[in-house]
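For reference, the structure discussed in these notes is given below.
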Amino acid sequence: MEFTDQNFQEVLDNNAVVVADFWATWCGPCKMVGPIIESLAKDYEGKALIGKVDIEENTDLTDKYGIRNVPTVLFFKNGQLVDKQVGAGPRNIYEDKIKALL
């Protein structure tokens, strides 16, 4: 799912667990994390809403959450930012953070 400046607040309001991958098309490490995030989105469908935020198209969200490096993955529970992962990491890092929120 693509999260945007326009839909993100609604996403947070309607989902207990949200994972947002902030990325850019020119970012090499983002290309490594992207398939991991997409796989987790399928595996946790119905339990967590997992999506991507293009930092160049969604500058309000990028500024609001102080994104300075990509990829940065933010983890929300009940609308509140509770964890983050800056930089590329293996699948188990992201999965462990998601499991902790469920």
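By convention in this document, the chains of the structure tokens carry letters A, B, ... by their order, each chain's residues are numbered from 1, and ligands are numbered from 1 in the order they are shown.
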
Item to check | Long-range neighbours of Asp60 (chain A) as a PyMOL selection string, 12 Å cut-off, only C-alpha atoms, 2 positions minimum in chain | outcome: chain A and resi 3-9+53-58+62-67

Please write the residues from the selection above to a file, keeping N, CA and C atoms, as a short mmCIF file (atom, residue, chain, number, x, y, z; two decimals), in the first residue's frame.
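Saved the output as part29.cif:
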```cif
data_model
loop_
_atom_site.label_atom_id
_atom_site.label_comp_id
_atom_site.auth_asym_id
_atom_site.auth_seq_id
_atom_site.Cartn_x
_atom_site.Cartn_y
_atom_site.Cartn_z
N PHE A 3 1.32 4.89 1.24
CA PHE A 3 0.87 5.89 2.20
C PHE A 3 1.26 7.26 1.66
N THR A 4 0.35 8.24 1.82
CA THR A 4 0.59 9.58 1.31
C THR A 4 0.29 10.62 2.38
N ASP A 5 0.70 11.87 2.08
CA ASP A 5 0.35 12.98 2.97
C ASP A 5 -1.16 13.03 3.19
N GLN A 6 -1.93 12.68 2.14
CA GLN A 6 -3.38 12.79 2.20
C GLN A 6 -4.05 11.65 2.97
N ASN A 7 -3.51 10.43 2.92
CA ASN A 7 -4.24 9.30 3.52
C ASN A 7 -3.65 8.79 4.83
N PHE A 8 -2.50 9.30 5.25
CA PHE A 8 -1.80 8.65 6.37
C PHE A 8 -2.55 8.78 7.69
N GLN A 9 -3.13 9.92 7.97
CA GLN A 9 -3.85 10.06 9.25
C GLN A 9 -5.03 9.09 9.32
N VAL A 53 6.13 4.98 1.90
CA VAL A 53 5.99 6.43 1.73
C VAL A 53 7.15 6.91 0.88
N ASP A 54 6.85 7.42 -0.31
CA ASP A 54 7.88 8.01 -1.17
C ASP A 54 8.20 9.39 -0.60
N ILE A 55 9.43 9.57 -0.13
CA ILE A 55 9.77 10.83 0.56
C ILE A 55 9.75 12.04 -0.36
N GLU A 56 9.94 11.82 -1.65
CA GLU A 56 9.95 12.95 -2.58
C GLU A 56 8.54 13.42 -2.95
N GLU A 57 7.57 12.53 -2.83
CA GLU A 57 6.19 12.88 -3.14
C GLU A 57 5.37 13.25 -1.91
N ASN A 58 5.89 12.96 -0.73
CA ASN A 58 5.14 13.16 0.52
C ASN A 58 6.00 13.90 1.54
N THR A 62 7.33 13.30 5.59
CA THR A 62 8.77 13.22 5.76
C THR A 62 9.24 14.25 6.79
N ASP A 63 8.73 15.46 6.70
CA ASP A 63 9.08 16.51 7.65
C ASP A 63 8.50 16.23 9.04
N LYS A 64 7.24 15.81 9.08
CA LYS A 64 6.57 15.56 10.37
C LYS A 64 7.32 14.55 11.22
N TYR A 65 7.83 13.49 10.57
CA TYR A 65 8.52 12.43 11.32
C TYR A 65 10.04 12.57 11.29
N GLY A 66 10.52 13.70 10.78
CA GLY A 66 11.95 13.99 10.83
C GLY A 66 12.81 12.98 10.09
N ILE A 67 12.34 12.53 8.95
CA ILE A 67 13.08 11.54 8.18
C ILE A 67 14.28 12.23 7.53
#
```

Show me, as a tab-separated table, the residues of region 29-48 of chain A having an atom within 12 Å of region 68-71 of chain A, each with the closest atom pair and its distance in Å, using only C-alpha atoms.
```
residue	atom	partner	partner_atom	distance
A:Pro29	CA	A:Pro71	CA	6.7
A:Cys30	CA	A:Pro71	CA	5.2
A:Lys31	CA	A:Pro71	CA	9.0
A:Met32	CA	A:Pro71	CA	9.4
A:Val33	CA	A:Pro71	CA	7.5
A:Gly34	CA	A:Pro71	CA	9.1
A:Ile37	CA	A:Pro71	CA	11.0
```

Run DSSP on the backbone and tell me which residues of region 19-84 of chain A come out as strand (DSSP E); list them as a PDB file with N, CA, C and O atoms, in the first residue's frame.
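Result saved to selection_16.pdb:
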```
ATOM      1  N   VAL A  19       2.937  -0.053   9.785  1.00  0.00           N
ATOM      2  CA  VAL A  19       4.369  -0.003   9.508  1.00  0.00           C
ATOM      3  C   VAL A  19       4.547   0.799   8.230  1.00  0.00           C
ATOM      4  O   VAL A  19       3.956   0.476   7.200  1.00  0.00           O
ATOM      5  N   ALA A  20       5.356   1.875   8.303  1.00  0.00           N
ATOM      6  CA  ALA A  20       5.557   2.764   7.160  1.00  0.00           C
ATOM      7  C   ALA A  20       7.030   2.783   6.764  1.00  0.00           C
ATOM      8  O   ALA A  20       7.888   3.165   7.552  1.00  0.00           O
ATOM      9  N   ASP A  21       7.296   2.356   5.534  1.00  0.00           N
ATOM     10  CA  ASP A  21       8.643   2.340   4.967  1.00  0.00           C
ATOM     11  C   ASP A  21       8.853   3.627   4.172  1.00  0.00           C
ATOM     12  O   ASP A  21       8.275   3.802   3.114  1.00  0.00           O
ATOM     13  N   PHE A  22       9.679   4.536   4.708  1.00  0.00           N
ATOM     14  CA  PHE A  22      10.021   5.774   4.018  1.00  0.00           C
ATOM     15  C   PHE A  22      11.202   5.479   3.106  1.00  0.00           C
ATOM     16  O   PHE A  22      12.250   5.026   3.563  1.00  0.00           O
ATOM     17  N   TRP A  23      11.023   5.752   1.793  1.00  0.00           N
ATOM     18  CA  TRP A  23      12.009   5.353   0.793  1.00  0.00           C
ATOM     19  C   TRP A  23      12.094   6.387  -0.315  1.00  0.00           C
ATOM     20  O   TRP A  23      11.309   7.334  -0.358  1.00  0.00           O
ATOM     21  N   LEU A  49      -1.094  -3.147   8.990  1.00  0.00           N
ATOM     22  CA  LEU A  49      -1.113  -2.504   7.683  1.00  0.00           C
ATOM     23  C   LEU A  49       0.298  -1.992   7.411  1.00  0.00           C
ATOM     24  O   LEU A  49       0.832  -1.178   8.163  1.00  0.00           O
ATOM     25  N   ILE A  50       0.898  -2.517   6.367  1.00  0.00           N
ATOM     26  CA  ILE A  50       2.292  -2.224   6.041  1.00  0.00           C
ATOM     27  C   ILE A  50       2.330  -1.573   4.668  1.00  0.00           C
ATOM     28  O   ILE A  50       1.783  -2.106   3.705  1.00  0.00           O
ATOM     29  N   GLY A  51       2.978  -0.419   4.592  1.00  0.00           N
ATOM     30  CA  GLY A  51       3.034   0.293   3.326  1.00  0.00           C
ATOM     31  C   GLY A  51       4.280   1.136   3.186  1.00  0.00           C
ATOM     32  O   GLY A  51       5.163   1.130   4.039  1.00  0.00           O
ATOM     33  N   LYS A  52       4.322   1.876   2.081  1.00  0.00           N
ATOM     34  CA  LYS A  52       5.506   2.644   1.724  1.00  0.00           C
ATOM     35  C   LYS A  52       5.151   4.116   1.560  1.00  0.00           C
ATOM     36  O   LYS A  52       4.053   4.454   1.142  1.00  0.00           O
ATOM     37  N   VAL A  53       6.130   4.978   1.896  1.00  0.00           N
ATOM     38  CA  VAL A  53       5.987   6.425   1.735  1.00  0.00           C
ATOM     39  C   VAL A  53       7.154   6.910   0.879  1.00  0.00           C
ATOM     40  O   VAL A  53       8.312   6.816   1.297  1.00  0.00           O
ATOM     41  N   ASP A  54       6.854   7.417  -0.308  1.00  0.00           N
ATOM     42  CA  ASP A  54       7.882   8.007  -1.170  1.00  0.00           C
ATOM     43  C   ASP A  54       8.202   9.393  -0.603  1.00  0.00           C
ATOM     44  O   ASP A  54       7.350  10.280  -0.608  1.00  0.00           O
ATOM     45  N   THR A  72      13.983   4.464   6.171  1.00  0.00           N
ATOM     46  CA  THR A  72      13.592   4.514   7.577  1.00  0.00           C
ATOM     47  C   THR A  72      12.211   3.882   7.662  1.00  0.00           C
ATOM     48  O   THR A  72      11.305   4.274   6.929  1.00  0.00           O
ATOM     49  N   VAL A  73      12.065   2.899   8.530  1.00  0.00           N
ATOM     50  CA  VAL A  73      10.789   2.224   8.720  1.00  0.00           C
ATOM     51  C   VAL A  73      10.260   2.607  10.103  1.00  0.00           C
ATOM     52  O   VAL A  73      10.948   2.407  11.111  1.00  0.00           O
ATOM     53  N   LEU A  74       9.059   3.180  10.123  1.00  0.00           N
ATOM     54  CA  LEU A  74       8.415   3.585  11.379  1.00  0.00           C
ATOM     55  C   LEU A  74       7.329   2.584  11.743  1.00  0.00           C
ATOM     56  O   LEU A  74       6.599   2.100  10.873  1.00  0.00           O
ATOM     57  N   PHE A  75       7.202   2.332  13.041  1.00  0.00           N
ATOM     58  CA  PHE A  75       6.239   1.370  13.570  1.00  0.00           C
ATOM     59  C   PHE A  75       5.278   2.111  14.498  1.00  0.00           C
ATOM     60  O   PHE A  75       5.720   2.777  15.444  1.00  0.00           O
ATOM     61  N   PHE A  76       3.979   1.981  14.216  1.00  0.00           N
ATOM     62  CA  PHE A  76       2.940   2.669  14.990  1.00  0.00           C
ATOM     63  C   PHE A  76       2.012   1.655  15.641  1.00  0.00           C
ATOM     64  O   PHE A  76       1.681   0.631  15.039  1.00  0.00           O
ATOM     65  N   LYS A  77       1.588   1.965  16.863  1.00  0.00           N
ATOM     66  CA  LYS A  77       0.562   1.169  17.537  1.00  0.00           C
ATOM     67  C   LYS A  77      -0.484   2.140  18.056  1.00  0.00           C
ATOM     68  O   LYS A  77      -0.157   3.090  18.771  1.00  0.00           O
ATOM     69  N   GLN A  80       0.214   5.855  17.602  1.00  0.00           N
ATOM     70  CA  GLN A  80       1.416   6.430  18.209  1.00  0.00           C
ATOM     71  C   GLN A  80       2.679   5.790  17.643  1.00  0.00           C
ATOM     72  O   GLN A  80       2.756   4.561  17.518  1.00  0.00           O
ATOM     73  N   LEU A  81       3.673   6.607  17.337  1.00  0.00           N
ATOM     74  CA  LEU A  81       4.970   6.105  16.898  1.00  0.00           C
ATOM     75  C   LEU A  81       5.643   5.427  18.082  1.00  0.00           C
ATOM     76  O   LEU A  81       5.824   6.040  19.135  1.00  0.00           O
ATOM     77  N   VAL A  82       5.981   4.134  17.929  1.00  0.00           N
ATOM     78  CA  VAL A  82       6.553   3.387  19.046  1.00  0.00           C
ATOM     79  C   VAL A  82       7.944   2.819  18.768  1.00  0.00           C
ATOM     80  O   VAL A  82       8.648   2.426  19.698  1.00  0.00           O
ATOM     81  N   ASP A  83       8.349   2.757  17.492  1.00  0.00           N
ATOM     82  CA  ASP A  83       9.654   2.185  17.173  1.00  0.00           C
ATOM     83  C   ASP A  83      10.058   2.610  15.774  1.00  0.00           C
ATOM     84  O   ASP A  83       9.221   3.061  14.991  1.00  0.00           O
ATOM     85  N   LYS A  84      11.361   2.472  15.466  1.00  0.00           N
ATOM     86  CA  LYS A  84      11.820   2.754  14.113  1.00  0.00           C
ATOM     87  C   LYS A  84      13.093   1.983  13.821  1.00  0.00           C
ATOM     88  O   LYS A  84      13.812   1.579  14.730  1.00  0.00           O
TER      89      LYS A  84
END
```

Item to check | Long-range neighbours of Glu95 (chain A) as a ChimeraX atom specification, 12 Å cut-off, only C-alpha atoms, 4 positions minimum in chain | outcome: /A:19,36-41,43-44,48,50,73,75,85,89-91,99-102

For the selection just defined, write its residues with all heavy atoms to a file, as a compact mmCIF listing (two decimals), in the first residue's frame.
```txt
# COMPACT_ATOMS: atom_id res chain seq x y z
N VAL A 19 2.94 -0.05 9.79
CA VAL A 19 4.37 0.00 9.51
C VAL A 19 4.55 0.80 8.23
O VAL A 19 3.96 0.48 7.20
CB VAL A 19 4.96 -1.42 9.35
CG1 VAL A 19 6.45 -1.35 9.04
CG2 VAL A 19 4.69 -2.26 10.59
N ILE A 36 11.42 -6.94 1.13
CA ILE A 36 11.16 -7.45 2.49
C ILE A 36 9.85 -6.87 3.00
O ILE A 36 9.00 -7.60 3.53
CB ILE A 36 12.32 -7.08 3.44
CG1 ILE A 36 13.60 -7.80 3.01
CG2 ILE A 36 11.97 -7.39 4.89
CD1 ILE A 36 14.87 -7.33 3.72
N ILE A 37 9.67 -5.56 2.83
CA ILE A 37 8.44 -4.89 3.29
C ILE A 37 7.23 -5.45 2.56
O ILE A 37 6.19 -5.73 3.17
CB ILE A 37 8.57 -3.36 3.10
CG1 ILE A 37 9.68 -2.79 3.99
CG2 ILE A 37 7.24 -2.67 3.37
CD1 ILE A 37 9.48 -2.97 5.48
N GLU A 38 7.35 -5.66 1.25
CA GLU A 38 6.23 -6.20 0.48
C GLU A 38 5.88 -7.62 0.94
O GLU A 38 4.69 -7.97 1.04
CB GLU A 38 6.57 -6.18 -1.00
CG GLU A 38 6.60 -4.76 -1.56
CD GLU A 38 7.22 -4.65 -2.93
OE1 GLU A 38 7.33 -5.67 -3.65
OE2 GLU A 38 7.62 -3.52 -3.31
N SER A 39 6.86 -8.42 1.23
CA SER A 39 6.63 -9.77 1.72
C SER A 39 5.96 -9.76 3.09
O SER A 39 5.01 -10.52 3.35
CB SER A 39 7.97 -10.52 1.79
OG SER A 39 7.82 -11.77 2.41
N LEU A 40 6.42 -8.89 3.97
CA LEU A 40 5.80 -8.78 5.30
C LEU A 40 4.36 -8.28 5.20
O LEU A 40 3.50 -8.73 5.96
CB LEU A 40 6.62 -7.84 6.19
CG LEU A 40 7.97 -8.38 6.64
CD1 LEU A 40 8.82 -7.27 7.26
CD2 LEU A 40 7.81 -9.53 7.62
N ALA A 41 4.10 -7.39 4.25
CA ALA A 41 2.73 -6.89 4.07
C ALA A 41 1.78 -8.04 3.73
O ALA A 41 0.65 -8.09 4.23
CB ALA A 41 2.70 -5.83 2.97
N ASP A 43 2.38 -11.33 4.45
CA ASP A 43 2.38 -12.26 5.57
C ASP A 43 1.53 -11.77 6.74
O ASP A 43 0.97 -12.58 7.48
CB ASP A 43 3.80 -12.53 6.06
CG ASP A 43 4.64 -13.30 5.05
OD1 ASP A 43 4.06 -13.82 4.06
OD2 ASP A 43 5.87 -13.39 5.25
N TYR A 44 1.46 -10.46 6.94
CA TYR A 44 0.73 -9.91 8.09
C TYR A 44 -0.57 -9.21 7.68
O TYR A 44 -1.13 -8.44 8.47
CB TYR A 44 1.65 -8.96 8.88
CG TYR A 44 2.67 -9.75 9.65
CD1 TYR A 44 3.90 -10.06 9.10
CD2 TYR A 44 2.39 -10.22 10.93
CE1 TYR A 44 4.84 -10.82 9.79
CE2 TYR A 44 3.32 -10.97 11.63
CZ TYR A 44 4.54 -11.26 11.05
OH TYR A 44 5.45 -12.02 11.75
N ALA A 48 -1.59 -6.32 10.51
CA ALA A 48 -0.88 -5.03 10.49
C ALA A 48 -0.99 -4.46 9.08
O ALA A 48 -0.97 -5.21 8.11
CB ALA A 48 0.59 -5.23 10.87
N ILE A 50 0.90 -2.52 6.37
CA ILE A 50 2.29 -2.22 6.04
C ILE A 50 2.33 -1.57 4.67
O ILE A 50 1.78 -2.11 3.71
CB ILE A 50 3.14 -3.52 6.06
CG1 ILE A 50 3.03 -4.17 7.45
CG2 ILE A 50 4.59 -3.22 5.69
CD1 ILE A 50 3.65 -5.55 7.54
N VAL A 73 12.07 2.90 8.53
CA VAL A 73 10.79 2.22 8.72
C VAL A 73 10.26 2.61 10.10
O VAL A 73 10.95 2.41 11.11
CB VAL A 73 10.94 0.69 8.58
CG1 VAL A 73 9.59 0.01 8.79
CG2 VAL A 73 11.51 0.33 7.21
N PHE A 75 7.20 2.33 13.04
CA PHE A 75 6.24 1.37 13.57
C PHE A 75 5.28 2.11 14.50
O PHE A 75 5.72 2.78 15.44
CB PHE A 75 6.96 0.26 14.35
CG PHE A 75 7.93 -0.52 13.49
CD1 PHE A 75 9.20 -0.05 13.24
CD2 PHE A 75 7.55 -1.74 12.94
CE1 PHE A 75 10.09 -0.76 12.44
CE2 PHE A 75 8.43 -2.46 12.14
CZ PHE A 75 9.70 -1.97 11.90
N GLN A 85 13.33 1.78 12.54
CA GLN A 85 14.54 1.14 12.04
C GLN A 85 15.10 2.05 10.95
O GLN A 85 14.45 2.27 9.94
CB GLN A 85 14.24 -0.25 11.49
CG GLN A 85 15.39 -0.91 10.77
CD GLN A 85 16.53 -1.30 11.68
OE1 GLN A 85 16.32 -1.66 12.82
NE2 GLN A 85 17.73 -1.21 11.18
N GLY A 89 18.07 -3.46 6.95
CA GLY A 89 18.33 -4.56 7.88
C GLY A 89 17.71 -5.84 7.34
O GLY A 89 16.93 -5.81 6.39
N PRO A 90 18.05 -6.97 7.96
CA PRO A 90 17.47 -8.23 7.52
C PRO A 90 16.00 -8.34 7.92
O PRO A 90 15.53 -7.64 8.83
CB PRO A 90 18.32 -9.28 8.23
CG PRO A 90 18.86 -8.58 9.44
CD PRO A 90 19.00 -7.14 9.05
N ARG A 91 15.29 -9.22 7.26
CA ARG A 91 13.86 -9.41 7.47
C ARG A 91 13.51 -9.61 8.94
O ARG A 91 12.53 -9.04 9.43
CB ARG A 91 13.37 -10.61 6.65
CG ARG A 91 11.89 -10.91 6.85
CD ARG A 91 11.48 -12.19 6.16
NE ARG A 91 10.17 -12.60 6.61
CZ ARG A 91 9.04 -12.37 5.96
NH1 ARG A 91 9.06 -11.74 4.80
NH2 ARG A 91 7.89 -12.77 6.46
N LYS A 99 5.94 -8.28 15.33
CA LYS A 99 5.40 -9.26 16.29
C LYS A 99 5.24 -8.65 17.67
O LYS A 99 4.28 -8.96 18.38
CB LYS A 99 6.31 -10.49 16.36
CG LYS A 99 6.20 -11.39 15.15
CD LYS A 99 7.15 -12.59 15.31
CE LYS A 99 7.08 -13.53 14.13
NZ LYS A 99 8.06 -14.61 14.25
N ALA A 100 6.17 -7.79 18.06
CA ALA A 100 6.11 -7.17 19.38
C ALA A 100 4.88 -6.26 19.52
O ALA A 100 4.42 -6.00 20.65
CB ALA A 100 7.38 -6.37 19.65
N LEU A 101 4.35 -5.77 18.40
CA LEU A 101 3.21 -4.85 18.43
C LEU A 101 1.87 -5.57 18.34
O LEU A 101 0.83 -4.97 18.61
CB LEU A 101 3.32 -3.84 17.30
CG LEU A 101 4.55 -2.95 17.32
CD1 LEU A 101 4.58 -2.05 16.11
CD2 LEU A 101 4.59 -2.12 18.60
N LEU A 102 1.88 -6.83 17.96
CA LEU A 102 0.61 -7.55 17.77
C LEU A 102 0.08 -8.11 19.07
O LEU A 102 0.78 -8.34 20.02
CB LEU A 102 0.81 -8.68 16.76
CG LEU A 102 1.19 -8.22 15.34
CD1 LEU A 102 1.43 -9.43 14.45
CD2 LEU A 102 0.09 -7.35 14.75
```

Item to check | Between CA of Ile98 (chain A) and CA of Val18 (chain A), distance in Å (one decimal) | outcome: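 Value for the CA of Ile98 (chain A)-CA of Val18 (chain A) distance: 8.8 Å.
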
Checklist outcome for this item: Computed gap from CA of Lys42 (chain A) to CA of Thr59 (chain A) is 26.7 Å

Item to check | All helix (DSSP H, G or I) residues (DSSP, backbone) inside region 3-102 of chain A, as a ChimeraX atom specification | outcome: /A:8-14,28-43,59-64,91-101

Item to check | A:Val86, A:Asp96, A:Gly46, A:Gly79 ranked by distance to Val11 (chain A), top pick (using only C-alpha atoms) | outcome: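 For Val11 (chain A), the nearest of the candidates is A:Gly79.
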
Item to check | Distance in Å - CA of Glu45 (chain A) versus CA of Asn14 (chain A) | outcome: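 Computing it gives 14.3 Å between the two atoms.
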